[in-house]
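Participant: Take a look at target00.cif, mmCIF, C-alpha atoms:
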```
data_protein
loop_
_atom_site.label_atom_id
_atom_site.label_comp_id
_atom_site.auth_asym_id
_atom_site.auth_seq_id
_atom_site.Cartn_x
_atom_site.Cartn_y
_atom_site.Cartn_z
CA MET A 18 -44.78 -84.02 39.33
CA HIS A 19 -44.45 -83.07 35.67
CA LEU A 20 -42.60 -79.91 34.68
CA LEU A 21 -44.02 -77.85 31.79
CA ARG A 22 -41.51 -77.59 29.02
CA PRO A 23 -41.50 -74.54 26.71
CA THR A 24 -42.99 -75.20 23.27
CA VAL A 25 -40.32 -75.26 20.58
CA PRO A 26 -41.49 -74.72 16.99
CA ARG A 27 -40.81 -77.56 14.67
CA GLN A 28 -38.09 -76.95 12.13
CA GLY A 29 -40.51 -76.78 9.16
CA ALA A 30 -42.82 -74.30 10.89
CA LEU A 31 -39.83 -72.17 11.92
CA ARG A 32 -38.57 -71.99 8.35
CA GLN A 33 -42.05 -71.00 7.10
CA SER A 34 -42.29 -68.24 9.69
CA ILE A 35 -38.87 -66.88 8.71
CA LEU A 36 -39.81 -67.03 4.99
CA ILE A 37 -43.07 -65.14 5.55
CA TYR A 38 -41.25 -62.57 7.66
CA ASN A 39 -38.64 -62.03 4.94
CA LEU A 40 -41.25 -61.83 2.15
CA THR A 41 -43.59 -59.43 3.95
CA PRO A 42 -41.87 -56.22 2.72
CA MET A 43 -41.82 -57.57 -0.85
CA ILE A 44 -45.51 -58.56 -0.68
CA ASN A 45 -46.47 -55.17 0.70
CA GLU A 46 -44.47 -53.45 -2.04
CA ASN A 47 -46.12 -55.56 -4.74
CA LYS A 48 -49.54 -54.85 -3.25
CA ASP A 49 -48.83 -51.12 -3.31
CA GLN A 50 -47.65 -51.29 -6.92
CA LEU A 51 -50.69 -53.33 -7.91
CA LEU A 52 -53.04 -50.90 -6.17
CA ALA A 53 -51.38 -48.00 -7.99
CA ALA A 54 -51.84 -49.77 -11.33
CA VAL A 55 -55.48 -50.56 -10.56
CA ALA A 56 -56.11 -46.95 -9.51
CA ALA A 57 -54.43 -45.50 -12.62
CA LYS A 58 -56.24 -47.72 -15.12
CA SER A 59 -59.60 -47.61 -13.36
CA SER A 60 -59.51 -43.84 -12.98
CA THR A 61 -58.59 -43.48 -16.65
CA LYS A 62 -61.46 -45.72 -17.74
CA GLN A 63 -63.92 -43.86 -15.54
CA ALA A 64 -62.76 -40.56 -17.03
CA ILE A 65 -63.17 -41.98 -20.54
CA TYR A 66 -66.66 -43.23 -19.71
CA ARG A 67 -67.74 -39.83 -18.40
CA ASN A 68 -66.21 -38.04 -21.37
CA THR A 69 -67.81 -40.39 -23.90
CA LEU A 70 -71.19 -40.00 -22.21
CA GLN A 71 -70.83 -36.21 -22.37
CA HIS A 72 -70.16 -36.38 -26.12
CA PHE A 73 -73.11 -38.75 -26.55
CA GLU A 74 -75.35 -36.23 -24.80
CA THR A 75 -74.06 -33.61 -27.21
CA LEU A 76 -74.98 -35.89 -30.11
CA LYS A 77 -78.49 -36.26 -28.71
CA GLY A 78 -78.80 -32.49 -28.52
CA ILE A 79 -77.67 -32.11 -32.13
CA LEU A 80 -80.15 -34.70 -33.39
CA SER A 81 -82.98 -33.19 -31.35
CA GLU A 82 -82.28 -29.73 -32.79
CA LEU A 83 -82.09 -31.12 -36.33
CA ALA A 84 -85.40 -32.91 -35.87
CA ASP A 85 -87.12 -29.75 -34.60
CA ALA A 86 -85.72 -27.57 -37.39
CA TRP A 87 -86.22 -29.99 -40.27
CA SER A 88 -89.69 -31.17 -39.19
CA SER A 89 -90.86 -27.55 -39.09
CA VAL A 90 -89.79 -27.16 -42.71
CA MET A 91 -91.34 -30.44 -43.81
CA LYS A 92 -94.67 -29.65 -42.17
CA VAL A 93 -94.97 -26.88 -44.76
CA GLN A 94 -93.41 -28.67 -47.73
CA ASP A 95 -94.75 -32.20 -47.20
CA PRO A 96 -96.38 -33.17 -43.87
CA SER A 97 -96.17 -36.87 -44.77
CA VAL A 98 -92.38 -36.80 -44.32
CA GLU A 99 -91.61 -37.59 -40.69
CA ILE A 100 -88.45 -36.33 -39.05
CA VAL A 101 -88.37 -37.43 -35.44
CA PHE A 102 -85.77 -37.70 -32.68
CA LYS A 103 -86.30 -40.35 -30.01
CA ASP A 104 -84.23 -40.49 -26.84
CA LYS A 105 -84.63 -44.18 -25.99
CA ASN A 106 -82.45 -44.31 -22.88
CA ARG A 107 -79.17 -43.04 -21.52
CA PHE A 108 -77.13 -44.95 -24.09
CA GLU A 109 -79.40 -45.15 -27.16
CA CYS A 110 -81.26 -42.77 -29.44
CA ASP A 111 -82.89 -42.78 -32.89
CA PHE A 112 -83.18 -40.15 -35.59
CA LYS A 113 -85.88 -40.98 -38.13
CA PHE A 114 -85.94 -39.12 -41.43
CA SER A 115 -88.70 -40.61 -43.56
CA GLY A 116 -87.64 -44.08 -44.81
CA ASP A 117 -84.33 -44.12 -42.92
CA THR A 118 -83.41 -44.20 -39.27
CA LEU A 119 -80.05 -43.50 -37.68
CA SER A 120 -79.67 -45.49 -34.48
CA LEU A 121 -76.88 -44.36 -32.18
CA CYS A 122 -75.64 -46.23 -29.16
CA MET A 123 -72.84 -45.67 -26.71
CA HIS A 124 -71.02 -48.72 -25.41
CA THR A 125 -70.64 -48.68 -21.63
CA ASN A 126 -67.22 -50.33 -21.70
CA VAL A 127 -63.80 -48.94 -22.57
CA PHE A 128 -61.67 -50.49 -25.31
CA THR A 129 -58.07 -50.63 -26.48
CA PHE A 130 -56.41 -51.98 -29.63
CA PRO A 131 -53.79 -54.61 -30.50
CA PRO A 132 -50.12 -53.51 -30.38
CA GLU A 133 -49.88 -53.49 -34.19
CA HIS A 134 -52.84 -51.09 -34.57
CA PHE A 135 -51.96 -47.61 -35.88
CA VAL A 136 -53.38 -46.01 -32.73
CA GLN A 137 -50.99 -47.97 -30.53
CA GLN A 138 -48.13 -47.02 -32.86
CA SER A 139 -48.87 -43.28 -32.56
CA ALA A 140 -46.54 -40.92 -30.73
CA ARG A 141 -49.43 -39.90 -28.49
CA VAL A 142 -49.96 -43.39 -27.09
CA ALA A 143 -46.23 -44.08 -26.97
CA ALA A 144 -45.86 -41.09 -24.65
CA ASP A 145 -48.75 -42.19 -22.40
CA PRO A 146 -50.16 -45.74 -22.73
CA MET A 147 -53.34 -44.64 -20.92
CA LEU A 148 -54.19 -42.65 -24.05
CA GLY A 149 -54.60 -45.96 -25.86
CA TYR A 150 -58.00 -46.52 -24.21
CA PHE A 151 -61.22 -45.33 -25.82
CA GLY A 152 -64.94 -45.04 -25.36
CA GLN A 153 -67.08 -46.04 -28.33
CA ILE A 154 -70.18 -44.56 -30.01
CA GLN A 155 -71.75 -46.57 -32.83
CA VAL A 156 -73.86 -45.14 -35.67
CA TYR A 157 -76.22 -47.56 -37.46
CA ASN A 158 -78.58 -47.14 -40.39
CA PHE A 159 -81.87 -49.07 -40.42
CA LEU A 160 -84.93 -48.86 -42.60
CA SER A 161 -87.66 -47.03 -40.68
CA ASP A 162 -90.15 -49.70 -41.71
CA SER A 163 -88.00 -52.32 -39.96
CA PHE A 164 -89.00 -50.68 -36.67
CA LYS A 165 -92.55 -49.81 -37.74
CA TYR A 166 -93.45 -53.36 -38.76
CA ASN A 167 -91.18 -55.09 -36.25
CA ARG A 168 -89.24 -56.91 -38.97
CA LEU A 169 -86.71 -58.51 -36.67
CA ALA A 170 -84.84 -60.25 -39.49
CA ASP A 171 -84.00 -56.95 -41.22
CA GLU A 172 -80.37 -55.96 -41.03
CA GLY A 173 -78.92 -52.58 -40.24
CA LEU A 174 -75.56 -51.24 -41.38
CA LEU A 175 -72.88 -50.03 -39.00
CA LEU A 176 -71.92 -46.77 -40.69
CA ALA A 177 -69.34 -45.50 -38.22
CA ARG A 178 -67.67 -46.10 -34.89
CA ILE A 179 -66.43 -43.06 -33.00
CA PHE A 180 -63.57 -43.75 -30.58
CA VAL A 181 -62.74 -41.03 -28.05
CA ASP A 182 -60.10 -40.93 -25.32
CA ARG A 183 -60.10 -39.15 -21.96
CA ASP A 184 -58.84 -35.89 -23.54
CA SER A 185 -61.40 -35.99 -26.40
CA HIS A 186 -58.84 -36.93 -29.03
CA PHE A 187 -60.65 -39.29 -31.36
CA TRP A 188 -60.74 -41.28 -34.56
CA VAL A 189 -63.50 -42.87 -36.63
CA ASP A 190 -63.73 -46.01 -38.72
CA GLY A 191 -66.61 -47.18 -40.87
CA LYS A 192 -68.16 -47.04 -44.31
CA GLN A 193 -66.70 -45.01 -47.21
CA GLN A 194 -65.48 -41.59 -46.02
CA PHE A 195 -65.58 -42.68 -42.39
CA SER A 196 -62.74 -45.09 -43.15
CA PHE A 197 -60.24 -42.31 -43.89
CA LEU A 198 -61.48 -38.83 -42.91
CA TYR A 199 -60.85 -39.04 -39.18
CA ASN A 200 -57.63 -40.97 -38.62
CA ASP A 201 -55.39 -38.26 -37.17
CA ILE A 202 -55.51 -39.25 -33.52
CA GLN A 203 -52.66 -36.87 -32.73
CA GLU A 204 -54.43 -33.66 -33.80
CA GLN A 205 -58.17 -34.37 -33.96
CA VAL A 206 -60.25 -33.26 -30.97
CA LEU A 207 -63.92 -34.11 -30.72
CA ASN A 208 -66.35 -31.23 -30.20
CA ARG A 209 -69.88 -30.19 -31.16
CA GLU A 210 -68.86 -28.94 -34.60
CA VAL A 211 -67.12 -32.21 -35.48
CA LEU A 212 -70.04 -34.29 -34.17
CA LEU A 213 -72.48 -32.29 -36.31
CA LYS A 214 -70.28 -32.90 -39.34
CA ILE A 215 -70.18 -36.65 -38.66
CA ILE A 216 -73.98 -36.80 -38.28
CA LEU A 217 -74.59 -34.88 -41.50
CA GLN A 218 -72.19 -37.18 -43.36
CA ALA A 219 -74.02 -40.21 -41.97
CA ILE A 220 -77.37 -38.81 -43.12
CA GLN A 221 -75.93 -38.10 -46.57
CA TYR A 222 -74.62 -41.67 -46.75
CA CYS A 223 -78.12 -42.99 -46.01
CA LEU A 224 -79.66 -40.78 -48.71
CA ASP A 225 -77.10 -41.89 -51.29
CA MET A 226 -77.67 -45.59 -50.66
CA ASP A 227 -81.05 -46.64 -51.99
CA LEU A 228 -82.91 -49.91 -51.52
CA MET A 229 -82.26 -51.98 -54.64
CA VAL A 230 -84.58 -54.58 -56.15
CA PRO A 231 -82.82 -57.96 -56.05
CA PRO A 232 -82.74 -60.44 -58.94
CA TYR A 233 -85.98 -62.41 -59.15
CA GLU A 234 -84.11 -65.70 -58.83
CA GLN A 235 -82.98 -64.75 -55.32
CA VAL A 236 -86.50 -64.22 -53.97
CA ASN A 237 -88.82 -66.44 -55.99
CA THR A 238 -89.48 -68.83 -53.09
CA VAL A 239 -90.36 -68.30 -49.43
CA ALA A 240 -91.15 -70.70 -46.60
CA LEU A 241 -94.74 -70.50 -45.38
CA GLY A 242 -93.61 -70.16 -41.78
CA GLN A 243 -91.36 -67.25 -42.62
CA PHE A 244 -94.12 -65.63 -44.68
CA LEU A 245 -96.67 -65.98 -41.87
CA MET A 246 -94.25 -64.70 -39.24
CA GLU A 247 -93.67 -61.56 -41.24
CA ASN A 248 -97.43 -60.99 -41.11
CA GLY A 249 -97.95 -58.69 -44.03
CA SER A 250 -94.45 -57.36 -44.57
CA SER A 251 -92.23 -58.36 -47.46
CA GLY A 252 -91.84 -61.97 -46.37
CA HIS A 253 -88.07 -61.55 -46.65
CA LYS A 254 -85.52 -59.79 -44.52
CA THR A 255 -84.58 -56.45 -46.00
CA THR A 256 -81.35 -54.46 -46.08
CA LYS A 257 -80.32 -51.44 -48.05
CA ARG A 258 -77.15 -53.07 -49.31
CA LEU A 259 -78.66 -55.77 -51.52
CA GLY A 260 -82.38 -55.43 -51.08
CA PHE A 261 -84.60 -58.36 -50.12
CA MET A 262 -82.66 -61.34 -48.78
CA GLY A 263 -79.48 -59.29 -48.99
CA GLU A 264 -76.47 -60.43 -47.04
CA SER A 265 -74.27 -57.75 -45.58
#
```
Could you render the structure as structure tokens?
Facilitator:
Amino acid sequence: MHLLRPTVPRQGALRQSILIYNLTPMINENKDQLLAAVAAKSSTKQAIYRNTLQHFETLKGILSELADAWSSVMKVQDPSVEIVFKDKNRFECDFKFSGDTLSLCMHTNVFTFPPEHFVQQSARVAADPMLGYFGQIQVYNFLSDSFKYNRLADEGLLLARIFVDRDSHFWVDGKQQFSFLYNDIQEQVLNREVLLKIILQAIQYCLDMDLMVPPYEQVNTVALGQFLMENGSSGHKTTKRLGFMGES
């Protein structure tokens, strides 16, 4: 007759069990800390997304009202001048005013900046690192004919990028005045009045920047394939910066 002997854990397995037992409180603590960090950052980014989307909706409303008001005037003065607002989708819209179109888009992601960036060096972000995260709205200028004739090689200009945090503090970078007018992240708060001002400045920028005729030497040849693909348009990609064949 064989007697059953109790199972004795091997020495290696016993050590592993003791190690896991001793580490369990530390692992649980780390998991709790990690969950808290995930919750804080994710909640902040969701709040920024919702806030940015709200400001983008305000921008759409401003552009729609401008289009209604200005088109009513132009119908009397010159009906050939089209001023049209187009709400393309939740994150994109266009504002066409004759030969120019402002195209606005909201990025669905949230961004931050390198440690050396002036935003990260601000007292506001130093006090709360979560204030160093921003939603982004981009303002582009295209030629209206680029859309009308589907000239896919035409280039638009990024006039401005609007960065807004969860509390609606914001700053703007971009062309000319947009590079310096809105850099006070500590004091500037985005609202309807400020958004209207930014839009009017963008429209003025478009009006001030005309399409220039390039030197003949830059455009005196064109590939047949390129010419045929353009199908009746200029035969060259077009930008407002340098005219035909211009490089931005």
Participant: The PyMOL selection byres ((chain A and resi 88) around 12) on the file shown: which residues, as a list in words?
Facilitator: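 On this input, the PyMOL selection byres ((chain A and resi 88) around 12) captures Leu80, Ser81, Glu82, Leu83, Ala84, Asp85, Ala86, Trp87, Ser89, Val90, Met91, Lys92, Val93, Gln94, Asp95, Pro96, Ser97, Val98, Glu99, Ile100, Val101, Phe102, Phe112, Lys113, Phe114 and Ser115 of chain A.
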Participant: Ranking A:Pro232, A:Asp227, A:Phe135, A:Val142 by minimum distance to Phe159 of chain A and counting all atoms listed in the file, which one comes first?
Facilitator: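 Closest to Phe159 of chain A of all the choices is A:Asp227.
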Participant: Please evaluate the PyMOL selection byres ((chain A and resi 116) around 6) against the structure above and give the resulting residues as a PyMOL selection string.
Facilitator: chain A and resi 115+117+160-161
Participant: Any chance you could work out the axis-aligned box around segment 153-165 of chain A, listed atoms only, 3 Å on each side, giving centre and edge lengths in Å to one decimal, as AutoDock Vina command-line options?
Facilitator:
```
--center_x -79.8 --center_y -48.4 --center_z -35.5 --size_x 31.5 --size_y 13.8 --size_z 20.3
```
Participant: Could you please determine the separation between atom CA of Asn47 of chain A and atom CA of Pro132 of chain A in Å, to one decimal place?
Facilitator: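 So the answer is 26.0 Å.
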Participant: Please report the interatomic distance between atom CA of Pro131 of chain A and atom CA of Tyr222 of chain A in Å with one decimal.
Facilitator: 29.4 Å
Participant: List the residues selected by the PyMOL selection byres ((chain A and resi 156) around 7) in the file shown, writing them as a list in words.
Facilitator: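 The output of the PyMOL selection byres ((chain A and resi 156) around 7) on this file is Leu119, Ser120, Leu121, Cys122, Ile154, Gln155, Tyr157, Asn158, Leu175, Leu176, Ala177 and Arg178 of chain A.
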Participant: Please work out which residues fall within 10 Å of (-68.4, -41.9, -48.5), coordinates as given in the file, with only C-alpha atoms counting, and return them as number ranges by chain.
Facilitator: A: 176, 191-198, 218-219, 221-222, 225
Participant: Measuring between all atoms listed in the file, which one of A:Tyr150, A:Tyr233, A:Arg141, A:Leu245 shows the shortest distance to Glu204 of chain A?
Facilitator: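 Answer, going by the shortest atom-to-atom distance: A:Arg141.
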Participant: Nearest to Lys62 of chain A among A:Ile79, A:Ile220, A:Met123, A:Val181, with distances taken over only C-alpha atoms: which residue is it?
Facilitator: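 When distances to Lys62 of chain A are compared using only C-alpha atoms, the smallest one comes from A:Val181.
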Participant: State, in Å with one decimal place, the distance from atom CA of Thr118 of chain A to atom CA of Leu212 of chain A.
Facilitator: 17.4 Å
Participant: Nearest residue to His72 of chain A out of A:Ala170, A:Ala144, A:Ala57, A:Leu213, using all atoms listed in the file?
Facilitator: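 Looking only at the distances to His72 of chain A, the closest residue turns out to be A:Leu213.
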Participant: So which one's closest to Ser139 of chain A, A:Leu241, A:Gln203, A:Gln71, A:Phe164? Using all atoms listed in the file, please.
Facilitator: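 Looking only at the distances to Ser139 of chain A, the closest residue turns out to be A:Gln203.
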Participant: Which residue, A:Leu52, A:Leu207, A:Leu148, A:Val236, has the smallest gap to Phe73 of chain A when you use all atoms listed in the file?
Facilitator: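 Of A:Leu52, A:Leu207, A:Leu148, A:Val236, the one nearest Phe73 of chain A, counting all atoms listed in the file, is A:Leu207.
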